[in-house]
>>> print(open('protein28.cif').read())   # mmCIF, C-alpha atoms and all ligand atoms
data_final
loop_
_atom_site.group_PDB
_atom_site.id
_atom_site.type_symbol
_atom_site.label_atom_id
_atom_site.label_comp_id
_atom_site.auth_asym_id
_atom_site.auth_seq_id
_atom_site.Cartn_x
_atom_site.Cartn_y
_atom_site.Cartn_z
ATOM 1 C CA MET A 1 1.737 113.982 143.762
ATOM 2 C CA ILE A 2 2.611 112.631 147.197
ATOM 3 C CA GLY A 3 5.019 114.363 149.586
ATOM 4 C CA GLY A 4 8.290 113.119 151.066
ATOM 5 C CA ALA A 5 6.998 111.832 154.424
ATOM 6 C CA PHE A 6 4.120 109.938 152.846
ATOM 7 C CA LEU A 7 6.421 108.537 150.131
ATOM 8 C CA SER A 8 8.595 106.840 152.711
ATOM 9 C CA TRP A 9 5.577 105.372 154.521
ATOM 10 C CA PHE A 10 4.082 104.239 151.210
ATOM 11 C CA GLN A 11 7.318 102.497 150.194
ATOM 12 C CA TRP A 12 7.416 100.426 153.369
ATOM 13 C CA ALA A 13 3.726 99.540 153.024
ATOM 14 C CA TRP A 14 4.251 98.524 149.383
ATOM 15 C CA LEU A 15 7.242 96.431 150.368
ATOM 16 C CA ALA A 16 5.056 94.610 152.916
ATOM 17 C CA VAL A 17 2.466 93.920 150.188
ATOM 18 C CA GLY A 18 5.302 92.524 148.067
ATOM 19 C CA VAL A 19 6.318 90.100 150.818
ATOM 20 C CA LEU A 20 2.714 88.852 151.131
ATOM 21 C CA THR A 21 2.480 88.508 147.343
ATOM 22 C CA PHE A 22 5.713 86.513 147.315
ATOM 23 C CA ALA A 23 4.277 84.046 149.832
ATOM 24 C CA GLY A 24 0.908 83.850 148.032
ATOM 25 C CA LEU A 25 2.439 83.160 144.616
ATOM 26 C CA PHE A 26 3.977 79.916 145.907
ATOM 27 C CA PHE A 27 0.397 78.645 146.316
ATOM 28 C CA ILE A 28 -1.283 80.251 143.292
ATOM 29 C CA ALA A 29 0.742 80.427 140.071
ATOM 30 C CA ALA A 30 -0.248 83.548 138.107
ATOM 31 C CA PRO A 31 -2.587 82.109 135.436
ATOM 32 C CA TYR A 32 -0.826 83.031 132.193
ATOM 33 C CA GLY A 33 1.442 81.186 129.772
ATOM 34 C CA ARG A 34 1.644 77.466 130.585
ATOM 35 C CA HIS A 35 -0.231 78.095 133.869
ATOM 36 C CA THR A 36 -3.306 79.597 132.154
ATOM 37 C CA ARG A 37 -6.590 78.505 133.788
ATOM 38 C CA SER A 38 -10.184 79.482 133.180
ATOM 39 C CA GLY A 39 -12.031 81.809 135.563
ATOM 40 C CA TRP A 40 -9.635 84.770 135.385
ATOM 41 C CA GLY A 41 -11.595 86.849 132.881
ATOM 42 C CA PRO A 42 -11.609 87.206 129.106
ATOM 43 C CA LEU A 43 -8.371 86.566 127.242
ATOM 44 C CA ILE A 44 -6.376 89.258 125.462
ATOM 45 C CA GLY A 45 -3.745 88.529 122.784
ATOM 46 C CA ALA A 46 -0.215 88.213 124.216
ATOM 47 C CA ARG A 47 1.270 91.025 122.136
ATOM 48 C CA LEU A 48 -1.398 93.558 123.056
ATOM 49 C CA SER A 49 -1.240 92.476 126.720
ATOM 50 C CA TRP A 50 2.515 93.078 126.973
ATOM 51 C CA LEU A 51 2.175 96.405 125.164
ATOM 52 C CA ILE A 52 -0.499 97.592 127.607
ATOM 53 C CA MET A 53 1.131 96.258 130.788
ATOM 54 C CA GLU A 54 4.620 97.477 130.122
ATOM 55 C CA THR A 55 3.936 100.901 128.580
ATOM 56 C CA VAL A 56 2.507 102.010 131.915
ATOM 57 C CA SER A 57 5.876 101.761 133.642
ATOM 58 C CA PRO A 58 8.007 104.253 131.640
ATOM 59 C CA LEU A 59 5.011 106.589 131.330
ATOM 60 C CA PHE A 60 4.408 106.795 135.072
ATOM 61 C CA LEU A 61 8.112 106.901 135.865
ATOM 62 C CA CYS A 62 8.501 109.954 133.611
ATOM 63 C CA LEU A 63 5.279 111.553 134.821
ATOM 64 C CA ALA A 64 6.342 111.263 138.466
ATOM 65 C CA TYR A 65 9.921 112.316 137.737
ATOM 66 C CA PHE A 66 9.293 115.319 135.515
ATOM 67 C CA SER A 67 6.176 116.747 137.239
ATOM 68 C CA GLY A 68 7.272 119.887 139.049
ATOM 69 C CA LEU A 69 10.957 119.013 138.682
ATOM 70 C CA ALA A 70 12.735 122.188 139.783
ATOM 71 C CA VAL A 71 16.393 121.356 139.077
ATOM 72 C CA PHE A 72 17.781 119.505 136.069
ATOM 73 C CA ASN A 73 20.048 116.694 137.296
ATOM 74 C CA PRO A 74 21.976 114.719 134.644
ATOM 75 C CA VAL A 75 22.644 111.825 137.055
ATOM 76 C CA THR A 76 18.995 111.133 137.836
ATOM 77 C CA LEU A 77 18.173 111.631 134.168
ATOM 78 C CA LEU A 78 20.661 108.858 133.399
ATOM 79 C CA PHE A 79 18.773 106.572 135.839
ATOM 80 C CA ILE A 80 15.557 107.412 134.012
ATOM 81 C CA LEU A 81 17.131 106.575 130.654
ATOM 82 C CA LEU A 82 18.245 103.140 131.885
ATOM 83 C CA TRP A 83 14.730 102.333 133.122
ATOM 84 C CA VAL A 84 13.058 103.627 129.950
ATOM 85 C CA GLY A 85 15.565 101.711 127.801
ATOM 86 C CA HIS A 86 14.542 98.462 129.476
ATOM 87 C CA TYR A 87 10.869 99.199 128.887
ATOM 88 C CA VAL A 88 11.307 100.203 125.239
ATOM 89 C CA ASN A 89 12.357 96.593 124.779
ATOM 90 C CA ARG A 90 9.724 95.050 127.057
ATOM 91 C CA ALA A 91 6.755 97.137 125.841
ATOM 92 C CA LEU A 92 7.563 97.429 122.123
ATOM 93 C CA VAL A 93 10.385 95.214 120.839
ATOM 94 C CA TYR A 94 9.536 92.109 122.910
ATOM 95 C CA PRO A 95 5.834 91.966 121.894
ATOM 96 C CA LEU A 96 6.646 92.649 118.244
ATOM 97 C CA ARG A 97 9.180 89.815 118.153
ATOM 98 C CA MET A 98 7.275 87.373 120.345
ATOM 99 C CA ASN A 99 6.064 84.128 118.911
ATOM 100 C CA LYS A 100 2.500 84.154 117.582
ATOM 101 C CA ALA A 101 1.874 80.894 119.449
ATOM 102 C CA SER A 102 2.335 82.611 122.854
ATOM 103 C CA HIS A 103 -0.676 82.087 125.116
ATOM 104 C CA PRO A 104 -3.157 84.973 125.353
ATOM 105 C CA MET A 105 -3.460 86.593 128.791
ATOM 106 C CA PRO A 106 -6.469 86.891 131.117
ATOM 107 C CA LEU A 107 -7.706 90.461 131.589
ATOM 108 C CA SER A 108 -7.290 90.173 135.380
ATOM 109 C CA ILE A 109 -3.548 89.490 135.002
ATOM 110 C CA VAL A 110 -3.172 92.434 132.635
ATOM 111 C CA ALA A 111 -4.991 94.655 135.167
ATOM 112 C CA LEU A 112 -2.875 93.443 138.107
ATOM 113 C CA SER A 113 0.336 93.950 136.126
ATOM 114 C CA VAL A 114 -0.715 97.458 135.147
ATOM 115 C CA PHE A 115 -1.264 98.223 138.842
ATOM 116 C CA PHE A 116 2.079 96.663 139.852
ATOM 117 C CA ASN A 117 3.969 98.595 137.168
ATOM 118 C CA LEU A 118 2.169 101.827 137.919
ATOM 119 C CA VAL A 119 2.958 101.805 141.649
ATOM 120 C CA ASN A 120 6.591 100.743 141.246
ATOM 121 C CA ALA A 121 7.255 103.277 138.492
ATOM 122 C CA TYR A 122 5.510 106.050 140.387
ATOM 123 C CA LEU A 123 7.470 105.341 143.585
ATOM 124 C CA ASN A 124 10.803 105.360 141.779
ATOM 125 C CA GLY A 125 10.005 108.449 139.677
ATOM 126 C CA ARG A 126 8.686 110.376 142.645
ATOM 127 C CA TYR A 127 11.662 109.371 144.782
ATOM 128 C CA LEU A 128 14.108 110.643 142.140
ATOM 129 C CA ASN A 129 12.076 113.820 141.776
ATOM 130 C CA LEU A 130 12.066 114.565 145.517
ATOM 131 C CA ARG A 131 15.477 113.237 146.546
ATOM 132 C CA GLY A 132 17.456 113.639 143.312
ATOM 133 C CA ALA A 133 19.714 116.339 144.811
ATOM 134 C CA ARG A 134 21.629 113.665 146.743
ATOM 135 C CA TYR A 135 23.103 112.422 143.446
ATOM 136 C CA THR A 136 25.913 114.873 142.645
ATOM 137 C CA PRO A 137 28.067 114.384 139.504
ATOM 138 C CA ALA A 138 30.559 112.505 141.725
ATOM 139 C CA TRP A 139 27.974 109.696 142.028
ATOM 140 C CA ILE A 140 28.941 108.301 138.608
ATOM 141 C CA VAL A 141 32.364 107.266 139.919
ATOM 142 C CA ASP A 142 30.998 105.948 143.214
ATOM 143 C CA PRO A 143 31.583 102.159 143.557
ATOM 144 C CA ARG A 144 27.850 101.622 144.228
ATOM 145 C CA PHE A 145 26.959 103.228 140.926
ATOM 146 C CA LEU A 146 29.673 101.398 138.981
ATOM 147 C CA PHE A 147 28.827 98.002 140.488
ATOM 148 C CA GLY A 148 25.088 98.623 140.027
ATOM 149 C CA VAL A 149 25.551 99.550 136.349
ATOM 150 C CA ALA A 150 27.636 96.401 135.808
ATOM 151 C CA LEU A 151 24.895 94.288 137.410
ATOM 152 C CA PHE A 152 22.162 96.068 135.445
ATOM 153 C CA PHE A 153 23.819 95.413 132.081
ATOM 154 C CA THR A 154 24.762 91.857 133.003
ATOM 155 C CA GLY A 155 21.085 91.258 133.793
ATOM 156 C CA ILE A 156 19.994 92.815 130.495
ATOM 157 C CA VAL A 157 22.360 90.608 128.502
ATOM 158 C CA ILE A 158 21.178 87.431 130.287
ATOM 159 C CA ASN A 159 17.516 88.427 129.966
ATOM 160 C CA LEU A 160 17.726 89.299 126.251
ATOM 161 C CA GLN A 161 19.749 86.205 125.420
ATOM 162 C CA SER A 162 17.308 83.973 127.319
ATOM 163 C CA ASP A 163 14.184 85.591 125.833
ATOM 164 C CA GLY A 164 15.771 84.939 122.411
ATOM 165 C CA ILE A 165 16.440 81.255 123.178
ATOM 166 C CA LEU A 166 12.797 80.773 124.235
ATOM 167 C CA ARG A 167 11.523 82.579 121.160
ATOM 168 C CA ARG A 168 13.545 80.350 118.825
ATOM 169 C CA LEU A 169 12.109 77.189 120.410
ATOM 170 C CA ARG A 170 8.987 77.759 118.324
ATOM 171 C CA SER A 171 10.650 79.084 115.187
ATOM 172 C CA ASN A 172 9.740 75.905 113.257
ATOM 173 C CA GLY A 173 6.037 76.693 113.759
ATOM 174 C CA ASP A 174 5.423 74.019 116.416
ATOM 175 C CA PRO A 175 3.435 75.837 119.161
ATOM 176 C CA GLY A 176 4.312 73.331 121.922
ATOM 177 C CA TYR A 177 6.873 73.622 124.707
ATOM 178 C CA LYS A 178 10.423 72.245 124.415
ATOM 179 C CA ILE A 179 13.380 71.984 126.780
ATOM 180 C CA PRO A 180 15.361 75.236 126.481
ATOM 181 C CA ARG A 181 19.058 74.703 125.773
ATOM 182 C CA GLY A 182 22.073 76.997 125.789
ATOM 183 C CA GLY A 183 23.138 80.084 127.742
ATOM 184 C CA MET A 184 22.144 80.045 131.415
ATOM 185 C CA PHE A 185 19.355 77.534 130.670
ATOM 186 C CA GLU A 186 22.050 74.883 131.075
ATOM 187 C CA MET A 187 22.034 75.723 134.805
ATOM 188 C CA ILE A 188 18.500 77.006 135.497
ATOM 189 C CA SER A 189 15.006 76.570 134.064
ATOM 190 C CA CYS A 190 14.194 80.291 134.055
ATOM 191 C CA ALA A 191 17.289 82.113 132.850
ATOM 192 C CA ASN A 192 15.142 84.998 131.561
ATOM 193 C CA TYR A 193 13.747 85.572 135.086
ATOM 194 C CA PHE A 194 17.223 85.356 136.612
ATOM 195 C CA GLY A 195 18.439 88.067 134.197
ATOM 196 C CA GLU A 196 15.471 90.275 135.058
ATOM 197 C CA ILE A 197 16.115 89.995 138.797
ATOM 198 C CA VAL A 198 19.848 90.714 138.389
ATOM 199 C CA GLU A 199 18.947 93.740 136.299
ATOM 200 C CA TRP A 200 16.671 95.294 138.919
ATOM 201 C CA LEU A 201 19.061 94.445 141.725
ATOM 202 C CA GLY A 202 21.564 96.436 139.671
ATOM 203 C CA TRP A 203 19.141 99.351 139.507
ATOM 204 C CA ALA A 204 18.650 99.181 143.294
ATOM 205 C CA VAL A 205 22.425 99.265 143.824
ATOM 206 C CA LEU A 206 23.143 101.992 141.285
ATOM 207 C CA THR A 207 20.482 104.261 142.826
ATOM 208 C CA TRP A 208 21.200 102.988 146.371
ATOM 209 C CA SER A 209 17.562 103.649 147.234
ATOM 210 C CA LEU A 210 14.666 102.035 149.077
ATOM 211 C CA ALA A 211 12.459 102.677 146.029
ATOM 212 C CA GLY A 212 14.875 100.731 143.823
ATOM 213 C CA LEU A 213 15.213 97.935 146.362
ATOM 214 C CA THR A 214 11.431 97.701 146.648
ATOM 215 C CA PHE A 215 11.092 97.214 142.899
ATOM 216 C CA ALA A 216 13.881 94.601 142.841
ATOM 217 C CA LEU A 217 12.182 92.687 145.670
ATOM 218 C CA TRP A 218 8.803 92.916 143.945
ATOM 219 C CA THR A 219 10.382 91.550 140.774
ATOM 220 C CA ALA A 220 11.813 88.626 142.738
ATOM 221 C CA ALA A 221 8.455 88.184 144.513
ATOM 222 C CA ASN A 222 6.805 87.711 141.110
ATOM 223 C CA LEU A 223 9.472 85.654 139.431
ATOM 224 C CA VAL A 224 10.951 83.299 142.050
ATOM 225 C CA PRO A 225 7.651 81.466 142.803
ATOM 226 C CA ARG A 226 6.861 81.425 139.085
ATOM 227 C CA ALA A 227 10.258 79.943 138.303
ATOM 228 C CA ARG A 228 9.596 77.191 140.853
ATOM 229 C CA ALA A 229 6.243 76.479 139.161
ATOM 230 C CA HIS A 230 7.876 76.419 135.675
ATOM 231 C CA HIS A 231 10.617 74.124 136.971
ATOM 232 C CA GLU A 232 8.144 71.637 138.453
ATOM 233 C CA TRP A 233 6.118 71.791 135.248
ATOM 234 C CA TYR A 234 9.206 70.944 133.138
ATOM 235 C CA ARG A 235 10.081 68.019 135.416
ATOM 236 C CA MET A 236 6.533 66.661 135.211
ATOM 237 C CA ASN A 237 6.236 67.044 131.447
ATOM 238 C CA PHE A 238 9.735 66.042 130.273
ATOM 239 C CA PRO A 239 11.015 62.713 131.673
ATOM 240 C CA ASP A 240 14.448 63.544 130.187
ATOM 241 C CA TYR A 241 14.613 66.981 131.858
ATOM 242 C CA PRO A 242 18.229 67.650 132.964
ATOM 243 C CA ASP A 243 18.576 66.633 136.626
ATOM 244 C CA ARG A 244 21.248 69.150 137.520
ATOM 245 C CA ARG A 245 19.213 72.127 136.400
ATOM 246 C CA LYS A 246 17.855 74.356 139.202
ATOM 247 C CA ALA A 247 14.788 76.636 138.966
ATOM 248 C CA ILE A 248 16.237 80.147 139.090
ATOM 249 C CA ILE A 249 19.484 80.446 141.062
ATOM 250 C CA PRO A 250 22.399 78.418 139.665
ATOM 251 C CA TYR A 251 23.443 75.551 142.006
ATOM 252 C CA LEU A 252 21.049 76.712 144.757
ATOM 253 C CA LEU A 253 17.328 77.030 144.002
HETATM 254 P P1 LIG B 1 8.014 82.762 130.121
HETATM 255 O O1 LIG B 1 9.404 82.234 130.216
HETATM 256 O O2 LIG B 1 6.941 82.040 130.821
HETATM 257 O O3 LIG B 1 7.575 82.895 128.581
HETATM 258 C C1 LIG B 1 8.280 83.722 127.684
HETATM 259 C C2 LIG B 1 7.876 83.394 126.242
HETATM 260 O O4 LIG B 1 8.490 82.167 125.821
HETATM 261 C C3 LIG B 1 6.374 83.140 126.053
HETATM 262 O O5 LIG B 1 6.052 83.532 124.740
HETATM 263 C C4 LIG B 1 6.236 81.631 126.212
HETATM 264 O O6 LIG B 1 5.089 81.102 125.553
HETATM 265 C C5 LIG B 1 7.529 81.148 125.554
HETATM 266 N N1 LIG B 1 8.088 79.939 126.186
HETATM 267 C C6 LIG B 1 8.469 79.816 127.485
HETATM 268 N N2 LIG B 1 8.991 78.603 127.718
HETATM 269 C C7 LIG B 1 8.940 77.943 126.541
HETATM 270 C C8 LIG B 1 9.325 76.609 126.147
HETATM 271 N N3 LIG B 1 9.870 75.762 127.024
HETATM 272 N N4 LIG B 1 9.109 76.228 124.862
HETATM 273 C C9 LIG B 1 8.558 77.096 123.966
HETATM 274 N N5 LIG B 1 8.169 78.371 124.278
HETATM 275 C C10 LIG B 1 8.359 78.790 125.560
HETATM 276 O O7 LIG B 1 8.125 84.298 130.612
HETATM 277 P P2 LIG B 1 6.974 85.363 130.981
HETATM 278 O O8 LIG B 1 5.993 85.390 129.868
HETATM 279 O O9 LIG B 1 6.498 85.162 132.387
HETATM 280 O O10 LIG B 1 7.857 86.711 131.005
HETATM 281 C C11 LIG B 1 8.354 87.282 129.805
HETATM 282 C C12 LIG B 1 9.445 88.309 130.142
HETATM 283 O O11 LIG B 1 8.936 89.334 130.999
HETATM 284 C C13 LIG B 1 10.636 87.687 130.864
HETATM 285 O O12 LIG B 1 11.836 88.213 130.329
HETATM 286 C C14 LIG B 1 10.460 88.108 132.308
HETATM 287 O O13 LIG B 1 11.705 88.265 132.949
HETATM 288 C C15 LIG B 1 9.702 89.448 132.194
HETATM 289 N N6 LIG B 1 8.806 89.621 133.348
HETATM 290 C C16 LIG B 1 9.135 90.545 134.322
HETATM 291 C C17 LIG B 1 8.356 90.678 135.457
HETATM 292 C C18 LIG B 1 8.744 91.654 136.550
HETATM 293 O O14 LIG B 1 8.187 91.564 137.643
HETATM 294 N N7 LIG B 1 9.659 92.598 136.319
HETATM 295 C C19 LIG B 1 7.139 89.899 135.648
HETATM 296 C C20 LIG B 1 6.871 88.937 134.584
HETATM 297 C C21 LIG B 1 7.696 88.837 133.492
HETATM 298 P P3 LIG B 1 3.666 80.918 126.364
HETATM 299 O O15 LIG B 1 3.191 82.325 126.656
HETATM 300 O O16 LIG B 1 2.820 80.180 125.385
HETATM 301 O O17 LIG B 1 3.981 80.157 127.631
#
>>> encode(input="protein28.cif", output="structure tokens")
Amino acid sequence: MIGGAFLSWFQWAWLAVGVLTFAGLFFIAAPYGRHTRSGWGPLIGARLSWLIMETVSPLFLCLAYFSGLAVFNPVTLLFILLWVGHYVNRALVYPLRMNKASHPMPLSIVALSVFFNLVNAYLNGRYLNLRGARYTPAWIVDPRFLFGVALFFTGIVINLQSDGILRRLRSNGDPGYKIPRGGMFEMISCANYFGEIVEWLGWAVLTWSLAGLTFALWTAANLVPRARAHHEWYRMNFPDYPDRRKAIIPYLL
């Protein structure tokens, strides 16, 4: 387990890697889903891939949080529950419900995602372990906590609704891609990504921490370039694609 001084240094370094990744992903779309290309290793079924990638996060969060935890703090435990709740869906419910026609994933992407999840979860868990004493019971009526929780749940609702809309696009057994309709898809091509980013921004605000902000920025670093790539792909493949629709931020981007 790393100590407090090193944790802070590590967070800044990891944030810098996130910024570089953000820039790089505008040039190289991560090769899974509709952007799958050969040369990225053997393919693993989508369900198993999501199970492997996303189980790592709650496991390492809990490992880093509970290891050597001296004082029980109900506020930080609540943070942990929110994070784990998200990943129960992403690691178990989402893969079980996902469409069988979903593209398999290259091993290299699974490995990179495991690494990404491991570091982000470890940093957040370790931060809450070391610095948890700053969250007194009064934190749960602090405006930062209340606003962050509202953002977090708004993001969850948008993300779940949007994942559901995408899933139903193939419910008639046709494995191809269609134009998503309804919910926030009327304004943006990647409503599921928008929900995910809002959710982790909410976590950053409700914990008011550099570790939380780092994870939110990493999430955006992954998803904003990918949303741009999805958006361009839709426009190239569907001549009737709605003109007013943006990629990921309503009315803006
Ligand atoms: P996509 O939107 O690319 O795909 C989601 C699912 O819907 C896939 O099964 C995909 O099939 C299918 N799908 C997508 N678009 C269509 C369409 N137009 N017609 C029919 N089927 C479609 O999302 P991701 O797979 O990248 O991500 C899944 C979830 O994980 C999202 O909620 C996302 O927010 C989250 N995520 C979070 C990250 C983070 O950094 N925190 C990183 C990456 C994802 P196929 O696989 O065949 O394309």
>>> closest_residue(input="protein28.cif", among="A:Phe10, A:Trp139, A:Tyr127, A:Trp233", to="A:Lys178", atoms="all atoms listed in the file")
A:Trp233
>>> residues_around(input="protein28.cif", residues="stretch 68-72 of chain A", least_positions_apart="2", cutoff="9 Å", atoms="all atoms listed in the file", output="mmCIF file with C-alpha atoms, keeping the file's coordinate frame")
data_model
loop_
_atom_site.group_PDB
_atom_site.id
_atom_site.type_symbol
_atom_site.label_atom_id
_atom_site.label_comp_id
_atom_site.auth_asym_id
_atom_site.auth_seq_id
_atom_site.Cartn_x
_atom_site.Cartn_y
_atom_site.Cartn_z
ATOM 1 C CA ALA A 64 6.342 111.263 138.466
ATOM 2 C CA TYR A 65 9.921 112.316 137.737
ATOM 3 C CA PHE A 66 9.293 115.319 135.515
ATOM 4 C CA PRO A 74 21.976 114.719 134.644
ATOM 5 C CA THR A 76 18.995 111.133 137.836
ATOM 6 C CA LEU A 77 18.173 111.631 134.168
ATOM 7 C CA ASN A 129 12.076 113.820 141.776
ATOM 8 C CA LEU A 130 12.066 114.565 145.517
ATOM 9 C CA GLY A 132 17.456 113.639 143.312
ATOM 10 C CA ALA A 133 19.714 116.339 144.811
#
>>> residues_near_ligand(input="protein28.cif", ligand="ligand LIG 1 (chain B)", cutoff="6 Å", atoms="all atoms listed in the file", output="MDAnalysis selection string")
chainID A and resid 33:34 98:99 102:103 159 163 166:167 169:170 177:180 192:193 196 219 222
>>> closest_residue(input="protein28.cif", among="A:Arg144, A:Phe215, A:Leu78, A:Met105", to="A:Ala16", atoms="all atoms listed in the file")
A:Phe215
>>> axis_aligned_box(input="protein28.cif", around="stretch 66-73 of chain A", padding_each_side="4 Å", output="lines of an AutoDock Vina configuration file")
center_x = 13.1
center_y = 118.8
center_z = 137.6
size_x = 21.9
size_y = 14.9
size_z = 12.3
>>> resolve_selection(input="protein28.cif", expression="the PyMOL selection byres (((chain A and resi 48) around 12) and not hetatm)", output="mmCIF file with C-alpha atoms, in the frame of the given file")
data_model
loop_
_atom_site.group_PDB
_atom_site.id
_atom_site.type_symbol
_atom_site.label_atom_id
_atom_site.label_comp_id
_atom_site.auth_asym_id
_atom_site.auth_seq_id
_atom_site.Cartn_x
_atom_site.Cartn_y
_atom_site.Cartn_z
ATOM 1 C CA LEU A 43 -8.371 86.566 127.242
ATOM 2 C CA ILE A 44 -6.376 89.258 125.462
ATOM 3 C CA GLY A 45 -3.745 88.529 122.784
ATOM 4 C CA ALA A 46 -0.215 88.213 124.216
ATOM 5 C CA ARG A 47 1.270 91.025 122.136
ATOM 6 C CA SER A 49 -1.240 92.476 126.720
ATOM 7 C CA TRP A 50 2.515 93.078 126.973
ATOM 8 C CA LEU A 51 2.175 96.405 125.164
ATOM 9 C CA ILE A 52 -0.499 97.592 127.607
ATOM 10 C CA MET A 53 1.131 96.258 130.788
ATOM 11 C CA GLU A 54 4.620 97.477 130.122
ATOM 12 C CA THR A 55 3.936 100.901 128.580
ATOM 13 C CA ARG A 90 9.724 95.050 127.057
ATOM 14 C CA ALA A 91 6.755 97.137 125.841
ATOM 15 C CA LEU A 92 7.563 97.429 122.123
ATOM 16 C CA TYR A 94 9.536 92.109 122.910
ATOM 17 C CA PRO A 95 5.834 91.966 121.894
ATOM 18 C CA LEU A 96 6.646 92.649 118.244
ATOM 19 C CA MET A 98 7.275 87.373 120.345
ATOM 20 C CA LYS A 100 2.500 84.154 117.582
ATOM 21 C CA SER A 102 2.335 82.611 122.854
ATOM 22 C CA HIS A 103 -0.676 82.087 125.116
ATOM 23 C CA PRO A 104 -3.157 84.973 125.353
ATOM 24 C CA MET A 105 -3.460 86.593 128.791
ATOM 25 C CA PRO A 106 -6.469 86.891 131.117
ATOM 26 C CA LEU A 107 -7.706 90.461 131.589
ATOM 27 C CA VAL A 110 -3.172 92.434 132.635
#
>>> closest_residue(input="protein28.cif", among="A:Val88, A:Ala23, A:Met1, A:Ala220", to="A:Ser67", atoms="only C-alpha atoms")
A:Met1
>>> atom_distance(input="protein28.cif", atom1="atom CA of A:Thr36", atom2="atom CA of A:Thr214")
27.5 Å
>>> resolve_selection(input="protein28.cif", expression="the PyMOL selection byres (((chain A and resi 60) around 12) and not hetatm)", output="ChimeraX atom specification")
/A:1,53-59,61-67,80,83-84,87,114-126
>>> atom_distance(input="protein28.cif", atom1="atom CA of A:Val19", atom2="atom CA of A:Met236")
28.2 Å
>>> atom_distance(input="protein28.cif", atom1="atom CA of A:Phe145", atom2="atom CA of A:Gly18")
25.2 Å
>>> closest_residue(input="protein28.cif", among="A:Arg131, A:Val93, A:Ile140, A:Asn73", to="A:Gly3", atoms="only C-alpha atoms")
A:Arg131
>>> resolve_selection(input="protein28.cif", expression="the PyMOL selection byres (((chain A and resi 147) around 12) and not hetatm)", output="ChimeraX atom specification")
/A:139-146,148-154,198-199,201-208
>>> residues_around(input="protein28.cif", residues="A:Cys190", least_positions_apart="2", cutoff="12 Å", atoms="only C-alpha atoms", output="PyMOL selection string")
chain A and resi 158-159+161-163+165-166+179-188+192-197+223-234+245-250+253
>>> closest_residue(input="protein28.cif", among="A:Trp9, A:Phe26, A:Asp240, A:His86", to="A:Trp200", atoms="only C-alpha atoms")
A:His86
>>> closest_residue(input="protein28.cif", among="A:Val75, A:Ala216, A:Leu7, A:Ala30", to="A:Ala138", atoms="all atoms listed in the file")
A:Val75
>>> build_atoms(input="protein28.cif", residues="stretch 150-159 of chain A", atoms="N, CA, C and O atoms", output="PDB file, keeping the file's coordinate frame")
ATOM      1  N   ALA A 150      27.121  97.683 136.320  1.00  0.00           N
ATOM      2  CA  ALA A 150      27.636  96.401 135.808  1.00  0.00           C
ATOM      3  C   ALA A 150      26.581  95.306 135.994  1.00  0.00           C
ATOM      4  O   ALA A 150      26.326  94.501 135.078  1.00  0.00           O
ATOM      5  N   LEU A 151      25.948  95.288 137.168  1.00  0.00           N
ATOM      6  CA  LEU A 151      24.895  94.288 137.410  1.00  0.00           C
ATOM      7  C   LEU A 151      23.725  94.487 136.454  1.00  0.00           C
ATOM      8  O   LEU A 151      23.189  93.532 135.887  1.00  0.00           O
ATOM      9  N   PHE A 152      23.314  95.740 136.300  1.00  0.00           N
ATOM     10  CA  PHE A 152      22.162  96.068 135.445  1.00  0.00           C
ATOM     11  C   PHE A 152      22.384  95.549 134.021  1.00  0.00           C
ATOM     12  O   PHE A 152      21.529  94.858 133.456  1.00  0.00           O
ATOM     13  N   PHE A 153      23.585  95.837 133.464  1.00  0.00           N
ATOM     14  CA  PHE A 153      23.819  95.413 132.081  1.00  0.00           C
ATOM     15  C   PHE A 153      24.052  93.903 131.967  1.00  0.00           C
ATOM     16  O   PHE A 153      23.672  93.291 130.974  1.00  0.00           O
ATOM     17  N   THR A 154      24.623  93.322 133.016  1.00  0.00           N
ATOM     18  CA  THR A 154      24.762  91.857 133.003  1.00  0.00           C
ATOM     19  C   THR A 154      23.367  91.227 132.957  1.00  0.00           C
ATOM     20  O   THR A 154      23.105  90.281 132.196  1.00  0.00           O
ATOM     21  N   GLY A 155      22.461  91.767 133.783  1.00  0.00           N
ATOM     22  CA  GLY A 155      21.085  91.258 133.793  1.00  0.00           C
ATOM     23  C   GLY A 155      20.408  91.416 132.447  1.00  0.00           C
ATOM     24  O   GLY A 155      19.744  90.502 131.956  1.00  0.00           O
ATOM     25  N   ILE A 156      20.608  92.575 131.820  1.00  0.00           N
ATOM     26  CA  ILE A 156      19.994  92.815 130.495  1.00  0.00           C
ATOM     27  C   ILE A 156      20.488  91.776 129.493  1.00  0.00           C
ATOM     28  O   ILE A 156      19.697  91.188 128.746  1.00  0.00           O
ATOM     29  N   VAL A 157      21.794  91.550 129.483  1.00  0.00           N
ATOM     30  CA  VAL A 157      22.360  90.608 128.502  1.00  0.00           C
ATOM     31  C   VAL A 157      21.767  89.211 128.727  1.00  0.00           C
ATOM     32  O   VAL A 157      21.320  88.543 127.784  1.00  0.00           O
ATOM     33  N   ILE A 158      21.724  88.773 129.996  1.00  0.00           N
ATOM     34  CA  ILE A 158      21.178  87.431 130.287  1.00  0.00           C
ATOM     35  C   ILE A 158      19.701  87.370 129.905  1.00  0.00           C
ATOM     36  O   ILE A 158      19.236  86.403 129.292  1.00  0.00           O
ATOM     37  N   ASN A 159      18.954  88.409 130.244  1.00  0.00           N
ATOM     38  CA  ASN A 159      17.516  88.427 129.966  1.00  0.00           C
ATOM     39  C   ASN A 159      17.235  88.410 128.462  1.00  0.00           C
ATOM     40  O   ASN A 159      16.414  87.617 127.971  1.00  0.00           O
TER      41      ASN A 159
END
